[in-house]
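Below: one structure, written as structure tokens.
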Amino acid sequence: MSSVHVPDTPVEVVLDLLTKAKDIATTCENVPEELKSYLQKAVDITSGLDDYLERMTTKESEPLAELFKKTVSHDWDQVHKEGKTLFCLPKECITGHVEGQTLKMLVHMSRARRVLEIGMFTGYGALSMAEGLPEDGCLVACELEPYLKEFAQPIFNKSPHGKKIIVKTGSAMDTLRELAATGEQFDMVFIDADKNNYINYYNFILDNNLLRLHGVICVDNSLYKAKVYLTDTTDSNGLALRDFNQFIANDPRVEQVIVPLRDGISLIRRVSAATSGSSNKQCDITDEVFCGVKGRAILDRMRLDGKVAYVTGAGQGIGRAFAHALGEAGAKVAVVDLDQVKAQRVAEELLLKGINSMAVTADISKSEDVQKMIDSIMSKWGAIHIACNNAGINMNSASEDTSLEEWDQTFSVNLRGTFICCQAAGRVMLKQGYGKIVNTASMASLIVPHPQKQLSYNTSKAGVVKLTQTLGTEWIDRGVRVNCISPGIVDTPLIHSESLRPLVQRWLSDIPAGKLAQVTDLQAAVVYLASDASDYMTGHNLVIEGGQSLW
Ligand SMILES: C[S@@+](CC[C@H](N)C(=O)[O-])C[C@H]1O[C@@H](n2cnc3c(N)ncnc32)[C@H](O)[C@@H]1O
């Protein structure tokens with residue numbers, strides 16, 4: 001049984017018409033050769049487009065390929081005849097390869113974590129989008145037909161991304177009401193069911209805040225085989241979509257573009273009242289709380305794009321985590337360590353993530369090394385905006401036995417070294433009229449951690465806090481902020497040494513949080529202190545110790 005292909009997209013409609021015109025031209029006499037050749041060229045261009053997009057688009061995953069095959073080979077007429085589905089579902093309903101990958105790309109680009117799909121069918125679009133979500137992301141798919149959930153679930157189960165999908169069967173509008181009632185919000189919504197109701201879904205989503213600020217709505221079939229702009233359209237779906245597109249184009253709450261991919265995908269972005277210039281509604285709130293400082297909302301104000309940072313002691317542990325965090329937030333990062341191999345390795349890690357980095361070897365207790373470090377960063381990147389003075393050492397001994405060598409060595413790195421770095425970076429920053437210095441102090445500046453004995457360390461770190469307070473107040477009127485972070489006990493390779501390992505249980509009983517800090521627990525603090533969002537903060541000691549200093 002051969003089925004006649006019905007043109008499904010504007011390009012397929014054009015191709016169909018061109019092919020008919022070309023066939024007439026080739027059979028008619030007196031048609032100029034030039035016209036025939038133009039028609040042939042137009043057919044070639046049109047017929048080659050979808051095929052080319054298919055071939056050039058990243059290949060779909062195995063589960064998606066299986067889902068596609070299972071969907072197009074299924075006898076949907078029979079399923080309907082047997083009463084398993086309410087409607088007779090054409091297999092062409094499926095979102096194919098190119099559109100599926102486009103949706104996945106949009107999920108990536110919008111950094112969506114929560115996606116809502118209206119109209120799942122056999123789950124091709126749902127699984128494509130789930131593949132673009134982070135591990136803890138979630139996609140809620142609304143589907144009228146319970147049969148389709150059973151159809152899709154076994155393949156979702158085969159995919160590592162299937163667990164992100166929650167299928168809600170029943171009327172999509174009922175599901176939307178249920179989601180709104182529990183205060184759910186989504187970063188991206190894909191509307192692909194029930195064309196006559198698109199407008200109702202859309203309005204419900206916006207009116208009930210189901211789409212978060214700056215979220216994106218994608219709408220499928222918004223060109224509807226070109227019927228949305230052909231004047232002789234009588235088809236109810238075509239007319240519904242025409243009204244829908246016009247409504248969105250006039251809606252001040254959003255911005256819209258229609259991408260002529262397949263049957264058209266509308267991309268609709270919700271804008272804040274403050275930026276929707278053509279707003280019908282009056283919005284006269286213009287302060288920075290409402291509009292953001294310099295128009296930047298709070299998370300944007302923590303971005304470090306265009307900034308140059310260095311982190312000392314960045315070859316491992318806290319420093320490595322700081323280097324990654326600053327780079328992820330947009331800064332270029334010089335990875336500084338005493339150990340060249342470690343510095344190089346972390347700089348390469350950053351490059352792998354697309355972060356501009358350089359490795360610098362320096363002993364921060366030597367002023368010549370520190371000056372060389374500053375000079376090499378300046379000659380490569382021309383500025384230093386963020387200085388993370390993190391390198392430090394810790395030695396244990398009872399105070400009555402602490403040698404002057406241990407004391408001097410500890411102070412030489414922890415306090416003298418931090419001062420050398422602050423001064424060298426500070427000179428550059430004072431000239432720039434801008435800078436953020438973040439020193440690593442320690443909870444030991446506040447309490448006396450026990451039972452280990454570490455007089456030199458505790459005292460040197462208390463010195464780092466006072467250094468920070470003094471510089472932070474001395475330099476703030478010239479644009480340089482100096483703050484420090486005091487971590488509690490951090491789970492780094494150092495504390496797994498033979499001498500310290502037995503103490504871990506003891507420490508845990510002293511920590512209200514009931515666990516040691518991970519280096520990742522400190523990352524947000526360094527980004528905050530390095531960013532413009534913390535501009536009013538200086539000389540501060542930001543303590544992150546799971547409550548340990550309070551007990
Ligand atoms: C075009 S298909 C969706 C294709 C799907 N997005 C994909 O990626 O393959 C439309 C689907 O919407 C479902 N549907 C139609 N009306 C609905 C409604 N009122 N509520 C929920 N789902 C509905 C249909 O059963 C059908 O499976």
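Each chain in the structure tokens gets a letter, A, B, ..., in the order shown, and its residues are numbered from 1; ligands are numbered from 1 in order too.
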Determine, using only C-alpha atoms and all ligand atoms, which residues of chain A have any atom at most 9 Å from an atom of ligand 1, and tabulate each with its shortest atom pair and distance in Å to one decimal place, rows ordered by chain and then rising number, as CSV.
```
residue,atom,partner,partner_atom_place_in_ligand_line,distance
A:Phe68,CA,ligand 1,9 (O),8.9
A:Thr85,CA,ligand 1,25 (O),8.2
A:Leu86,CA,ligand 1,25 (O),8.1
A:Phe87,CA,ligand 1,25 (O),7.2
A:Cys88,CA,ligand 1,25 (O),8.8
A:Leu89,CA,ligand 1,26 (C),6.9
A:Pro90,CA,ligand 1,2 (S),8.7
A:Lys91,CA,ligand 1,9 (O),8.9
A:Glu92,CA,ligand 1,1 (C),7.9
A:Cys93,CA,ligand 1,1 (C),4.2
A:Ile94,CA,ligand 1,9 (O),3.5
A:Thr95,CA,ligand 1,9 (O),4.0
A:Gly96,CA,ligand 1,9 (O),7.1
A:Glu99,CA,ligand 1,8 (O),8.7
A:Gly100,CA,ligand 1,8 (O),7.2
A:Glu117,CA,ligand 1,6 (N),7.0
A:Ile118,CA,ligand 1,22 (N),6.2
A:Gly119,CA,ligand 1,12 (O),3.3
A:Met120,CA,ligand 1,5 (C),4.2
A:Phe121,CA,ligand 1,27 (O),3.1
A:Thr122,CA,ligand 1,9 (O),5.7
A:Gly123,CA,ligand 1,8 (O),5.3
A:Tyr124,CA,ligand 1,8 (O),4.4
A:Gly125,CA,ligand 1,8 (O),3.2
A:Ala126,CA,ligand 1,8 (O),5.8
A:Leu127,CA,ligand 1,8 (O),8.1
A:Ser128,CA,ligand 1,8 (O),8.2
A:Ala141,CA,ligand 1,6 (N),8.8
A:Cys142,CA,ligand 1,21 (C),5.3
A:Glu143,CA,ligand 1,22 (N),3.8
A:Leu144,CA,ligand 1,22 (N),3.8
A:Glu145,CA,ligand 1,25 (O),5.4
A:Pro146,CA,ligand 1,25 (O),8.9
A:Leu148,CA,ligand 1,27 (O),7.1
A:Lys168,CA,ligand 1,21 (C),8.7
A:Thr169,CA,ligand 1,21 (C),7.1
A:Gly170,CA,ligand 1,21 (C),6.0
A:Ser171,CA,ligand 1,20 (N),3.8
A:Ala172,CA,ligand 1,20 (N),3.7
A:Met173,CA,ligand 1,20 (N),6.5
A:Asp174,CA,ligand 1,20 (N),8.2
A:Thr175,CA,ligand 1,20 (N),8.4
A:Phe190,CA,ligand 1,6 (N),7.7
A:Ile191,CA,ligand 1,6 (N),7.6
A:Asp192,CA,ligand 1,3 (C),5.2
A:Ala193,CA,ligand 1,12 (O),3.9
A:Asp194,CA,ligand 1,16 (N),4.5
A:Lys195,CA,ligand 1,16 (N),8.4
A:Asn197,CA,ligand 1,19 (N),7.9
A:Asp220,CA,ligand 1,1 (C),8.1
A:Asn221,CA,ligand 1,1 (C),8.7
```
List the neighbours of Gly137 of chain A out to 12 Å using only C-alpha atoms; skip same-chain residues closer than 5 positions along the sequence, and give me the result as a CSV table (one decimal) with C-alpha atoms, in the first residue's frame.
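The file below, selection-v4.csv, is the result:
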```
chain,number,residue,atom,x,y,z
A,107,VAL,CA,17.3,24.0,25.7
A,108,HIS,CA,21.1,24.3,25.8
A,111,ARG,CA,20.2,27.0,29.9
A,112,ALA,CA,16.8,25.7,30.6
A,113,ARG,CA,16.4,23.4,33.6
A,114,ARG,CA,12.7,22.9,33.5
A,115,VAL,CA,10.8,22.5,30.3
A,116,LEU,CA,7.0,22.1,29.6
A,129,MET,CA,14.8,18.3,24.8
A,130,ALA,CA,15.5,16.1,27.8
A,131,GLU,CA,18.9,15.3,26.2
A,132,GLY,CA,19.7,19.0,26.4
A,161,HIS,CA,17.8,11.1,29.9
A,162,GLY,CA,14.4,9.4,30.1
A,163,LYS,CA,14.2,9.8,33.9
A,164,LYS,CA,14.0,13.6,33.4
A,165,ILE,CA,10.6,13.2,31.7
A,166,ILE,CA,7.3,13.3,33.6
A,186,PHE,CA,9.3,26.7,33.4
A,187,ASP,CA,12.3,28.1,31.5
A,188,MET,CA,11.0,26.8,28.2
```
### Task
Could you check how far atom CA of Glu54 of chain A sits from atom CA of Val259 of chain A, in Å to one decimal?
16.6 Å
### Task
Just the residues within 12 Å of segment 297-302 of chain A, please, counting only C-alpha atoms, with nothing from its chain fewer than 6 positions along; format it as a PyMOL selection string.
chain A and resi 213-214+272+274-275+288-291+325-326+328-331+524-535
Go ahead and write the residues just picked, C-alpha atoms, as an mmCIF file, in the first residue's frame.
```cif
data_model
loop_
_atom_site.group_PDB
_atom_site.id
_atom_site.type_symbol
_atom_site.label_atom_id
_atom_site.label_comp_id
_atom_site.auth_asym_id
_atom_site.auth_seq_id
_atom_site.Cartn_x
_atom_site.Cartn_y
_atom_site.Cartn_z
ATOM 1 C CA LEU A 213 11.044 35.923 33.429
ATOM 2 C CA HIS A 214 13.234 35.703 30.277
ATOM 3 C CA SER A 272 10.201 42.198 31.738
ATOM 4 C CA ALA A 274 10.663 47.346 32.332
ATOM 5 C CA THR A 275 12.081 46.447 28.912
ATOM 6 C CA GLU A 288 17.255 50.034 39.888
ATOM 7 C CA VAL A 289 15.456 47.550 42.105
ATOM 8 C CA PHE A 290 12.836 47.060 39.405
ATOM 9 C CA CYS A 291 15.010 47.524 36.302
ATOM 10 C CA ALA A 325 34.388 29.379 39.315
ATOM 11 C CA LEU A 326 35.850 32.686 38.127
ATOM 12 C CA GLU A 328 32.771 29.882 34.526
ATOM 13 C CA ALA A 329 31.525 33.335 35.502
ATOM 14 C CA GLY A 330 33.306 34.788 32.456
ATOM 15 C CA ALA A 331 36.781 35.897 33.615
ATOM 16 C CA ALA A 524 29.828 31.225 44.854
ATOM 17 C CA ALA A 525 31.504 33.368 47.512
ATOM 18 C CA VAL A 526 34.586 34.067 45.412
ATOM 19 C CA VAL A 527 32.452 34.954 42.386
ATOM 20 C CA TYR A 528 30.304 37.261 44.502
ATOM 21 C CA LEU A 529 33.304 39.026 46.039
ATOM 22 C CA ALA A 530 34.941 39.323 42.601
ATOM 23 C CA SER A 531 31.814 40.776 41.006
ATOM 24 C CA ASP A 532 30.241 44.224 40.904
ATOM 25 C CA ALA A 533 27.369 42.879 43.007
ATOM 26 C CA SER A 534 29.583 43.113 46.119
ATOM 27 C CA ASP A 535 30.892 46.629 45.445
#
```
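Note that DSSP on the backbone gives strand (DSSP E) to these residues of segment 373-544 of chain A: Ile386, Ala387, Cys388, Asn389, Gly435, Lys436, Ile437, Val438, Asn439, Thr440, Val480, Arg481, Val482, Asn483, Cys484, Ile485, Ser486, Pro487, Asn541, Leu542, Val543 and Ile544 of chain A.
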### Query
Running DSSP on the backbone, which parts of segment 292-541 of chain A land in alpha helix (DSSP H), as a ChimeraX atom specification?
/A:317-328,340-352,367-381,404-411,418-432,455-475,504-508,523-530
### Query
Skipping near chain neighbours, those fewer than 4 positions away, what residues fall within 7 Å of segment 504-511 of chain A using only C-alpha atoms, listed as a ChimeraX atom specification?
/A:515-516,546-548
So that I have them on file, write out the residues from the current selection with N, CA and C atoms, as a PDB file, in the first residue's frame.
```
ATOM      1  N   LYS A 515      28.942  17.960  58.196  1.00  0.00           N
ATOM      2  CA  LYS A 515      29.865  17.476  57.157  1.00  0.00           C
ATOM      3  C   LYS A 515      30.949  18.505  56.902  1.00  0.00           C
ATOM      4  N   LEU A 516      32.029  18.030  56.296  1.00  0.00           N
ATOM      5  CA  LEU A 516      33.113  18.945  55.944  1.00  0.00           C
ATOM      6  C   LEU A 516      32.685  19.762  54.735  1.00  0.00           C
ATOM      7  N   GLY A 546      29.973  25.961  57.817  1.00  0.00           N
ATOM      8  CA  GLY A 546      28.893  25.070  58.251  1.00  0.00           C
ATOM      9  C   GLY A 546      28.462  25.344  59.682  1.00  0.00           C
ATOM     10  N   GLY A 547      28.725  26.539  60.184  1.00  0.00           N
ATOM     11  CA  GLY A 547      28.291  26.924  61.533  1.00  0.00           C
ATOM     12  C   GLY A 547      29.297  26.582  62.615  1.00  0.00           C
ATOM     13  N   GLN A 548      30.466  26.049  62.235  1.00  0.00           N
ATOM     14  CA  GLN A 548      31.404  25.543  63.245  1.00  0.00           C
ATOM     15  C   GLN A 548      31.873  26.613  64.230  1.00  0.00           C
TER      16      GLN A 548
END
```
